[in-house]
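Working notes for the structure below.
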Amino acid sequence: MADTWLPSLITDTPQQGFELAITLSRRGVKYTQPDVDTLKKLRPEYANDAAGLTAASQVIATNFQTVAAANNYWRK
């Protein structure tokens, strides 16, 4: 995990911040389960699970809060 892919949490707009939050969330899953075949195998199971989708949305929301705070909530 020496690969540096996140130089900053600073984004120009809230839209970019939300997209970064999604990326952070997806990367978290990838780090937790690095086997791509397993990820693909499990995707149909959680893709249709309301509780799992709600949990994923909560993770994205938490990451968006972090990004928004880092950007001073885009106040100029």
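Lettering and numbering for the structure tokens are positional, with chains as A, B, ... in the shown order, residues counted from 1 in each chain, and ligands counted from 1 in the shown order.
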
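By only C-alpha atoms, and with residues fewer than 4 positions from range 44-58 of chain A along its chain excluded, the set lying at most 10 Å from it is Ile22, Ser25, Arg26, Val29, Leu39, Lys40, Thr62, Asn63 and Phe64 of chain A.
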
Where in range 5-67 of chain A does DSSP assign helix (DSSP H, G or I), given as a PyMOL selection string?
chain A and resi 14-32+36-47+50-67

Go ahead and save the picked residues with N, CA and C atoms, as a CSV table (one decimal), in the first residue's frame.
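The resulting part31.csv:
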chain,number,residue,atom,x,y,z
A,14,PRO,N,-18.3,21.0,-4.1
A,14,PRO,CA,-18.9,20.0,-3.3
A,14,PRO,C,-19.2,18.7,-4.1
A,15,GLN,N,-19.5,18.9,-5.4
A,15,GLN,CA,-19.7,17.7,-6.3
A,15,GLN,C,-18.4,16.9,-6.4
A,16,GLN,N,-17.3,17.5,-6.6
A,16,GLN,CA,-16.0,16.8,-6.6
A,16,GLN,C,-15.7,16.2,-5.2
A,17,GLY,N,-16.1,16.9,-4.2
A,17,GLY,CA,-15.9,16.3,-2.8
A,17,GLY,C,-16.8,15.1,-2.6
A,18,PHE,N,-18.0,15.1,-3.1
A,18,PHE,CA,-18.8,13.9,-3.0
A,18,PHE,C,-18.2,12.7,-3.8
A,19,GLU,N,-17.7,13.0,-5.0
A,19,GLU,CA,-17.1,12.0,-5.8
A,19,GLU,C,-15.9,11.4,-5.1
A,20,LEU,N,-15.1,12.3,-4.4
A,20,LEU,CA,-14.0,11.8,-3.7
A,20,LEU,C,-14.4,10.9,-2.5
A,21,ALA,N,-15.5,11.3,-1.9
A,21,ALA,CA,-16.0,10.5,-0.8
A,21,ALA,C,-16.4,9.1,-1.3
A,22,ILE,N,-17.0,9.0,-2.5
A,22,ILE,CA,-17.3,7.7,-3.1
A,22,ILE,C,-16.0,6.9,-3.3
A,23,THR,N,-15.0,7.6,-3.9
A,23,THR,CA,-13.7,6.9,-4.2
A,23,THR,C,-13.1,6.4,-2.9
A,24,LEU,N,-13.1,7.2,-1.8
A,24,LEU,CA,-12.6,6.8,-0.5
A,24,LEU,C,-13.3,5.5,-0.1
A,25,SER,N,-14.6,5.5,-0.2
A,25,SER,CA,-15.4,4.4,0.3
A,25,SER,C,-15.1,3.1,-0.5
A,26,ARG,N,-15.0,3.3,-1.9
A,26,ARG,CA,-14.7,2.1,-2.7
A,26,ARG,C,-13.3,1.6,-2.4
A,27,ARG,N,-12.3,2.5,-2.2
A,27,ARG,CA,-11.0,2.1,-1.9
A,27,ARG,C,-10.9,1.4,-0.6
A,28,GLY,N,-11.7,1.8,0.4
A,28,GLY,CA,-11.8,1.1,1.6
A,28,GLY,C,-12.2,-0.3,1.5
A,29,VAL,N,-13.2,-0.6,0.6
A,29,VAL,CA,-13.6,-1.9,0.4
A,29,VAL,C,-12.5,-2.7,-0.3
A,30,LYS,N,-11.8,-2.1,-1.3
A,30,LYS,CA,-10.8,-2.8,-2.0
A,30,LYS,C,-9.6,-3.1,-1.1
A,31,TYR,N,-9.3,-2.2,-0.1
A,31,TYR,CA,-8.2,-2.6,0.8
A,31,TYR,C,-8.6,-3.7,1.8
A,32,THR,N,-9.9,-3.7,2.1
A,32,THR,CA,-10.4,-4.7,3.1
A,32,THR,C,-10.5,-6.1,2.4
A,36,VAL,N,-10.1,-9.5,-6.2
A,36,VAL,CA,-11.1,-9.0,-7.1
A,36,VAL,C,-12.1,-10.0,-7.4
A,37,ASP,N,-11.7,-11.3,-7.5
A,37,ASP,CA,-12.6,-12.4,-7.9
A,37,ASP,C,-13.7,-12.5,-6.7
A,38,THR,N,-13.2,-12.4,-5.5
A,38,THR,CA,-14.2,-12.5,-4.4
A,38,THR,C,-15.1,-11.3,-4.4
A,39,LEU,N,-14.6,-10.1,-4.7
A,39,LEU,CA,-15.4,-8.9,-4.7
A,39,LEU,C,-16.5,-9.1,-5.8
A,40,LYS,N,-16.1,-9.6,-7.0
A,40,LYS,CA,-17.1,-9.7,-8.1
A,40,LYS,C,-18.1,-10.8,-7.7
A,41,LYS,N,-17.7,-11.9,-7.0
A,41,LYS,CA,-18.5,-13.0,-6.6
A,41,LYS,C,-19.6,-12.5,-5.6
A,42,LEU,N,-19.2,-11.6,-4.7
A,42,LEU,CA,-20.1,-11.2,-3.7
A,42,LEU,C,-21.0,-10.0,-4.1
A,43,ARG,N,-20.7,-9.3,-5.2
A,43,ARG,CA,-21.4,-8.1,-5.6
A,43,ARG,C,-22.9,-8.4,-5.8
A,44,PRO,N,-23.3,-9.5,-6.5
A,44,PRO,CA,-24.8,-9.7,-6.7
A,44,PRO,C,-25.5,-9.8,-5.3
A,45,GLU,N,-24.8,-10.4,-4.3
A,45,GLU,CA,-25.4,-10.6,-3.0
A,45,GLU,C,-25.7,-9.2,-2.3
A,46,TYR,N,-24.7,-8.4,-2.3
A,46,TYR,CA,-25.0,-7.1,-1.6
A,46,TYR,C,-25.6,-6.0,-2.5
A,47,ALA,N,-25.6,-6.2,-3.8
A,47,ALA,CA,-26.2,-5.2,-4.7
A,47,ALA,C,-27.7,-5.2,-4.6
A,50,ALA,N,-31.0,-4.3,0.8
A,50,ALA,CA,-31.3,-2.9,1.2
A,50,ALA,C,-30.4,-2.5,2.4
A,51,ALA,N,-30.2,-3.4,3.4
A,51,ALA,CA,-29.4,-3.0,4.5
A,51,ALA,C,-27.9,-2.8,4.1
A,52,GLY,N,-27.4,-3.6,3.2
A,52,GLY,CA,-26.0,-3.4,2.8
A,52,GLY,C,-25.9,-2.1,2.0
A,53,LEU,N,-26.9,-1.8,1.2
A,53,LEU,CA,-26.8,-0.5,0.4
A,53,LEU,C,-26.9,0.7,1.3
A,54,THR,N,-27.8,0.6,2.3
A,54,THR,CA,-27.9,1.7,3.3
A,54,THR,C,-26.6,1.8,4.1
A,55,ALA,N,-25.9,0.7,4.4
A,55,ALA,CA,-24.6,0.8,5.1
A,55,ALA,C,-23.6,1.5,4.2
A,56,ALA,N,-23.6,1.1,3.0
A,56,ALA,CA,-22.6,1.7,2.0
A,56,ALA,C,-22.9,3.2,1.9
A,57,SER,N,-24.1,3.6,1.9
A,57,SER,CA,-24.5,5.1,1.8
A,57,SER,C,-24.0,5.8,3.1
A,58,GLN,N,-24.1,5.1,4.2
A,58,GLN,CA,-23.6,5.7,5.5
A,58,GLN,C,-22.1,5.9,5.5
A,59,VAL,N,-21.4,5.0,4.9
A,59,VAL,CA,-19.9,5.1,4.8
A,59,VAL,C,-19.6,6.3,3.9
A,60,ILE,N,-20.3,6.4,2.8
A,60,ILE,CA,-20.0,7.5,1.8
A,60,ILE,C,-20.3,8.8,2.5
A,61,ALA,N,-21.4,8.9,3.3
A,61,ALA,CA,-21.8,10.1,4.0
A,61,ALA,C,-20.7,10.5,5.0
A,62,THR,N,-20.2,9.5,5.7
A,62,THR,CA,-19.1,9.8,6.7
A,62,THR,C,-17.9,10.3,6.0
A,63,ASN,N,-17.6,9.7,4.9
A,63,ASN,CA,-16.4,10.2,4.1
A,63,ASN,C,-16.7,11.6,3.6
A,64,PHE,N,-17.9,11.9,3.1
A,64,PHE,CA,-18.2,13.2,2.6
A,64,PHE,C,-18.1,14.3,3.7
A,65,GLN,N,-18.5,13.9,5.0
A,65,GLN,CA,-18.4,14.8,6.1
A,65,GLN,C,-16.9,15.2,6.3
A,66,THR,N,-16.0,14.2,6.2
A,66,THR,CA,-14.6,14.4,6.3
A,66,THR,C,-14.0,15.3,5.3
A,67,VAL,N,-14.4,15.1,4.0
A,67,VAL,CA,-14.0,15.9,2.9
A,67,VAL,C,-14.5,17.3,3.0

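Interatomic distance, CA of Ser8 in chain A to CA of Gln33 in chain A: 24.0 Å.
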
What's the separation between CA of Leu9 in chain A and CA of Pro34 in chain A, in Å to one decimal place?
23.3 Å
